[in-house]
Amino acid sequence: MTDHADHAGHADHAGRDGDSDVLLEVRGLEVHFPIKSGLIFDRTVGHVRAVDGVDLRIRRGETYGLVGESGCGKSTLGKAILKLEPPTAGSVVFDGTDIASLEGEELRRARKRFQMVFQDPLSSLDPRQTVESILIEGMRAHGLDTDKATTQARLRELMSAVGLPPAGLSKYPHEFSGGQRQRIGIARALSVGPDLIVADEPVSALDVSIQAQVINLLQDLQDELGLTYLVVAHDLAVVRHISDRIGVMYLGGLVEESGAAELYDLPLHPYTRALMSAVPVPDPLVEDSREQILLSGDLPSPANPPTGCRFHTRCPWRQETRCDTERPELRVVEVEGASPGHRVACHFAEEIASGAIQPHDVEPVLVAEGFSGPVTGPAPPPPDAYSTP
Amino acid sequence: MTQHQTIRSSPRSTEPLLSVRDLRVTFQRRDERAFKAVDGVSFDVRPGQTVGLVGESGCGKSVTSLAIMGLLPKRGNTVEGEAVFDGDDLLSLSPSQMRDRRGADIAMIFQDPLSSLNPVITIGRQVTEVMERHQGLSRKEATPKAAELLDRVGIPDPKARLANYPHQLSGGMRQRALIAMALACSPRLLIADEPTTALDVTIQAQILALLKELVVDTGTALVMITHDLGVVAGLCDEVNVLYGGKIVERGGRHGLFRQPRHPYTVGLLDSIPRLDAPRGEKLNPVPGSVADNLPWDSACAFAPRCSHRVDVCTREMPRWDGDDVVGFRCFNPVGGPR
């Protein structure tokens, strides 16, 4: 379990070579959900393109953060990587094996090496099982529960690793607080000795003071056990804090990917810029002085995504040509200060970075919930489509 | 967007619009120990001022707002203290007197827009209902006003939206519709209980900008209840930090963030990963959880989790050290005594 410890923590090495180091490689991953209609015969009337062509690589010992707003497909991507959601197309190569093509017993066995931590710790723990039985279940399934003494020692080790008293083993999930439950969820993931842990919003259900405790725990465990993390979250500050590399998702696709520090210092995609400027900072001086890019309108429906660049309906830097017709590839851009690992899916990233293209007002397009697609109609100009106070 | 600067420094000399004094809410279930959700909270809100109530879950911030609005169920709850609004104590009004006030003088915006809107009634009907009830308008008269309101809160194509049901709108649009309803009768006080918590950050930024603008344009006083210190930093003139049902620190927005005095405020600020801070540093969380609280009667509730604890903290309740503008409740504050 500790054999990867020496690989831990080489985040600044942003180059895309060094393939031997890559633990997980996702290529062209797509997850589409059918939209059914009809009372007697289920006809498929369309697809929600939750994940629509994502490529990413995660190196051993690295923390990869996936951010985006609700409905952008980040959780589905996390689940598809673990094959908890069958992918429609694409491959997920985990340490040389394509998980996407594994089935049945082979898949079950492979799962020992990649585990998940869920968002809501209460609903992801069986209320009728004691903590001991929750932790032992996975070990038993993978043949790790061989003799009683070793298992008991291992259970106590797990509990102390996540900072819970051994006496907690005989308790039930409801007897714990939210933060402690999340610790049990983490202990369960650790029980089978995985290499990769996918954490889907691991702290968003917790209070801020508890959030910090769990974030610190995740980091300590990584240092100790050489774990690789894929952290899916909507909170940019949290993701920036724990990740080495960050991918920003918008409507099923990655729009920008770079090292954590660089993404915040030099955001190149218009969406990343807007997202970053929207996060409130607990400092009145910063709040009063910073430029805020207010996006107009809502996230379009992934069942009926905009043509071309998915962000063009809300983009203050949108251009007449290409944006609404041609979907931009994730590419390395030549911008001063950008490292080779910094990739952006924007046709005009260089021009925007140099200031050759200036932002303009955007009329909001009303987005209806469900499959009806955008409701078209004459939209009045918004009060503040784009403003810099 | 720039004129909100002026209103922030609203004259302190004006009389408070809402004055909450020693508010106490006790939950009592049969055969169980009484639980003090709000334990002596006092604060003032002046016209045009934005006052923040901040704290983690269970600190009593929402119960405070529900008690002021008279929305707590009568059964099993005791509400004591005063909430004087414009000369009347809201807590002693009869239910029918309170109904005349609610929605007209005082309005509330809730956290979850979908569950606070009626799913089987159109948006238009829900907005006009308020005006019909309080301003005696007919539905015909109220409808164009409703469209104006929707337009003002930034809903595109407002006339067509009047006929929509809540499920047809996105989360951000629903929250805007809820704000439109709250503004329908030009209330003098608006209470917003976590209005952006259920929304994405880019939508949150839109809604916060809208609230700021409305406070400036209409001079409405705003009570902002949130757990997010970032939201407070951008919006509130005065900040009250709650812990275990009591206000543990109060200050102007600049003072409080520059020099927090109560160890809990300091702990909260240290727990948040900041977007603009250097990376790589460990977070410094507050240890333990609210389950470790001591009763306020004989101790400081925060003492078991406090890094600044001294002996007296577990024996006596700390008194309020300060006035109604700045102050804290602590025996051993960060940065020494006042």
# chains A, B, ... in the order shown; residues from 1 in each chain; ligands from 1
>>> residues_around(residues="range 116-121 of chain A", least_positions_apart="5", cutoff="9 Å", atoms="only C-alpha atoms", output="number ranges by chain")
A: 78-79, 82, 173, 178-186, 188-189, 196-205
>>> write_last_selection(atoms="C-alpha atoms", output="PDB file, in the first residue's frame")
ATOM      1  CA  GLY A  78     -15.893  10.698 -11.861  1.00  0.00           C
ATOM      2  CA  LYS A  79     -18.314   7.796 -11.781  1.00  0.00           C
ATOM      3  CA  LEU A  82     -14.685   3.965 -11.907  1.00  0.00           C
ATOM      4  CA  PRO A 173     -23.459   5.863  11.409  1.00  0.00           C
ATOM      5  CA  GLY A 178     -21.270  14.841   9.708  1.00  0.00           C
ATOM      6  CA  GLY A 179     -17.519  15.257   9.697  1.00  0.00           C
ATOM      7  CA  GLN A 180     -16.987  11.954  11.492  1.00  0.00           C
ATOM      8  CA  ARG A 181     -19.260  10.186   9.012  1.00  0.00           C
ATOM      9  CA  GLN A 182     -17.185  11.512   6.166  1.00  0.00           C
ATOM     10  CA  ARG A 183     -14.148  10.080   7.959  1.00  0.00           C
ATOM     11  CA  ILE A 184     -15.870   6.684   8.022  1.00  0.00           C
ATOM     12  CA  GLY A 185     -16.514   7.033   4.284  1.00  0.00           C
ATOM     13  CA  ILE A 186     -12.806   7.705   3.777  1.00  0.00           C
ATOM     14  CA  ARG A 188     -14.098   2.496   3.950  1.00  0.00           C
ATOM     15  CA  ALA A 189     -12.382   3.621   0.757  1.00  0.00           C
ATOM     16  CA  LEU A 196      -6.754   5.847  -6.726  1.00  0.00           C
ATOM     17  CA  ILE A 197      -9.542   7.489  -4.759  1.00  0.00           C
ATOM     18  CA  VAL A 198     -12.252   9.425  -6.542  1.00  0.00           C
ATOM     19  CA  ALA A 199     -13.792  11.874  -4.088  1.00  0.00           C
ATOM     20  CA  ASP A 200     -17.064  13.380  -5.262  1.00  0.00           C
ATOM     21  CA  GLU A 201     -17.671  16.636  -3.371  1.00  0.00           C
ATOM     22  CA  PRO A 202     -16.038  15.218  -0.232  1.00  0.00           C
ATOM     23  CA  VAL A 203     -16.525  18.339   1.887  1.00  0.00           C
ATOM     24  CA  SER A 204     -19.432  20.261   0.399  1.00  0.00           C
ATOM     25  CA  ALA A 205     -21.970  18.895   2.897  1.00  0.00           C
TER      26      ALA A 205
END
>>> residues_around(residues="range 240-246 of chain A", least_positions_apart="6", cutoff="6 Å", atoms="only C-alpha atoms", output="PDB file with C-alpha atoms, in the first residue's frame")
ATOM      1  CA  ALA A  11       3.245  18.516  -9.085  1.00  0.00           C
ATOM      2  CA  THR A  63      -4.305  15.187  -6.931  1.00  0.00           C
ATOM      3  CA  TYR A  64      -6.390  16.103  -9.922  1.00  0.00           C
ATOM      4  CA  GLY A  65      -9.209  18.527  -9.223  1.00  0.00           C
ATOM      5  CA  LEU A  66     -12.272  18.652 -11.409  1.00  0.00           C
ATOM      6  CA  GLU A 257      -6.548  22.322 -17.680  1.00  0.00           C
ATOM      7  CA  SER A 258      -3.422  23.433 -15.899  1.00  0.00           C
ATOM      8  CA  GLY A 259      -1.383  23.339 -12.713  1.00  0.00           C
ATOM      9  CA  ALA A 260      -3.341  24.606  -9.710  1.00  0.00           C
TER      10      ALA A 260
END
>>> closest_atom_pairs(of="chain B", to="chain A", cutoff="6 Å", atoms="only C-alpha atoms", output="JSON lines")
{"residue": "B:Met1", "atom": "CA", "partner": "A:Pro389", "partner_atom": "CA", "distance": 5.5}
{"residue": "B:Thr2", "atom": "CA", "partner": "A:Pro389", "partner_atom": "CA", "distance": 5.7}
{"residue": "B:Glu56", "atom": "CA", "partner": "A:Asp207", "partner_atom": "CA", "distance": 5.9}
{"residue": "B:Gly154", "atom": "CA", "partner": "A:Pro382", "partner_atom": "CA", "distance": 5.9}
{"residue": "B:Pro156", "atom": "CA", "partner": "A:Ala379", "partner_atom": "CA", "distance": 5.1}
{"residue": "B:Asp157", "atom": "CA", "partner": "A:Ala379", "partner_atom": "CA", "distance": 5.2}
{"residue": "B:Gln168", "atom": "CA", "partner": "A:Glu369", "partner_atom": "CA", "distance": 5.3}
{"residue": "B:Leu169", "atom": "CA", "partner": "A:Ala368", "partner_atom": "CA", "distance": 5.4}
{"residue": "B:Ser170", "atom": "CA", "partner": "A:Glu369", "partner_atom": "CA", "distance": 5.7}
{"residue": "B:Asp200", "atom": "CA", "partner": "A:Glu69", "partner_atom": "CA", "distance": 5.8}
{"residue": "B:Val201", "atom": "CA", "partner": "A:Ala278", "partner_atom": "CA", "distance": 5.8}
{"residue": "B:Thr202", "atom": "CA", "partner": "A:Ala278", "partner_atom": "CA", "distance": 5.4}
{"residue": "B:Ala205", "atom": "CA", "partner": "A:Ala278", "partner_atom": "CA", "distance": 5.4}
{"residue": "B:Leu229", "atom": "CA", "partner": "A:Pro282", "partner_atom": "CA", "distance": 5.2}
{"residue": "B:Gly230", "atom": "CA", "partner": "A:Pro282", "partner_atom": "CA", "distance": 3.8}
{"residue": "B:Val231", "atom": "CA", "partner": "A:Pro280", "partner_atom": "CA", "distance": 5.7}
{"residue": "B:Ala233", "atom": "CA", "partner": "A:Pro284", "partner_atom": "CA", "distance": 4.6}
{"residue": "B:Gly234", "atom": "CA", "partner": "A:Glu287", "partner_atom": "CA", "distance": 5.2}
{"residue": "B:Ser271", "atom": "CA", "partner": "A:Ala212", "partner_atom": "CA", "distance": 5.3}
{"residue": "B:Pro273", "atom": "CA", "partner": "A:Ala237", "partner_atom": "CA", "distance": 5.5}
{"residue": "B:Arg274", "atom": "CA", "partner": "A:Ala237", "partner_atom": "CA", "distance": 5.5}
{"residue": "B:Leu275", "atom": "CA", "partner": "A:Ala237", "partner_atom": "CA", "distance": 4.8}
{"residue": "B:Pro285", "atom": "CA", "partner": "A:Ala212", "partner_atom": "CA", "distance": 5.1}
{"residue": "B:Val286", "atom": "CA", "partner": "A:Ser209", "partner_atom": "CA", "distance": 5.3}
>>> select_by_dssp(residues="range 42-262 of chain A", states="helix (DSSP H, G or I)", output="VMD selection string")
chain A and resid 74 to 81 99 to 101 104 to 113 131 to 141 148 to 161 166 to 170 173 to 175 178 to 190 208 to 225 236 to 242 260 to 262
>>> closest_residue(among="B:Asp324, B:Asp217, B:Asp193, B:Asp292", to="Glu249 in chain B", atoms="only C-alpha atoms")
B:Asp324
>>> decode(residues="range 165-180 of chain A", atoms="N, CA and C atoms", output="mmCIF file, in the first residue's frame")
data_model
loop_
_atom_site.group_PDB
_atom_site.id
_atom_site.type_symbol
_atom_site.label_atom_id
_atom_site.label_comp_id
_atom_site.auth_asym_id
_atom_site.auth_seq_id
_atom_site.Cartn_x
_atom_site.Cartn_y
_atom_site.Cartn_z
ATOM 1 N N PRO A 165 -11.833 7.277 17.247
ATOM 2 C CA PRO A 165 -11.453 6.339 18.311
ATOM 3 C C PRO A 165 -11.839 4.907 17.930
ATOM 4 N N PRO A 166 -11.041 3.904 18.341
ATOM 5 C CA PRO A 166 -11.353 2.506 18.003
ATOM 6 C C PRO A 166 -12.717 2.084 18.558
ATOM 7 N N ALA A 167 -13.169 2.735 19.632
ATOM 8 C CA ALA A 167 -14.462 2.392 20.217
ATOM 9 C C ALA A 167 -15.606 2.652 19.235
ATOM 10 N N GLY A 168 -15.335 3.500 18.256
ATOM 11 C CA GLY A 168 -16.365 3.817 17.269
ATOM 12 C C GLY A 168 -16.740 2.649 16.376
ATOM 13 N N LEU A 169 -15.913 1.609 16.364
ATOM 14 C CA LEU A 169 -16.152 0.466 15.472
ATOM 15 C C LEU A 169 -17.503 -0.194 15.719
ATOM 16 N N SER A 170 -17.938 -0.200 16.982
ATOM 17 C CA SER A 170 -19.196 -0.896 17.276
ATOM 18 C C SER A 170 -20.402 0.029 17.194
ATOM 19 N N LYS A 171 -20.177 1.294 16.768
ATOM 20 C CA LYS A 171 -21.300 2.226 16.690
ATOM 21 C C LYS A 171 -21.913 2.229 15.291
ATOM 22 N N TYR A 172 -23.075 2.866 15.200
ATOM 23 C CA TYR A 172 -23.774 2.988 13.921
ATOM 24 C C TYR A 172 -23.577 4.398 13.353
ATOM 25 N N PRO A 173 -23.724 4.553 12.017
ATOM 26 C CA PRO A 173 -23.459 5.863 11.409
ATOM 27 C C PRO A 173 -24.202 7.034 12.049
ATOM 28 N N HIS A 174 -25.451 6.820 12.499
ATOM 29 C CA HIS A 174 -26.203 7.963 13.026
ATOM 30 C C HIS A 174 -25.623 8.489 14.336
ATOM 31 N N GLU A 175 -24.759 7.700 14.961
ATOM 32 C CA GLU A 175 -24.179 8.153 16.231
ATOM 33 C C GLU A 175 -23.014 9.121 16.023
ATOM 34 N N PHE A 176 -22.673 9.354 14.766
ATOM 35 C CA PHE A 176 -21.533 10.233 14.476
ATOM 36 C C PHE A 176 -22.009 11.560 13.904
ATOM 37 N N SER A 177 -21.157 12.582 13.990
ATOM 38 C CA SER A 177 -21.477 13.866 13.369
ATOM 39 C C SER A 177 -21.102 13.803 11.887
ATOM 40 N N GLY A 178 -21.512 14.826 11.149
ATOM 41 C CA GLY A 178 -21.270 14.841 9.708
ATOM 42 C C GLY A 178 -19.811 14.648 9.326
ATOM 43 N N GLY A 179 -18.931 15.356 10.011
ATOM 44 C CA GLY A 179 -17.519 15.257 9.697
ATOM 45 C C GLY A 179 -16.976 13.872 9.999
ATOM 46 N N GLN A 180 -17.447 13.295 11.123
ATOM 47 C CA GLN A 180 -16.987 11.954 11.492
ATOM 48 C C GLN A 180 -17.488 10.914 10.497
#
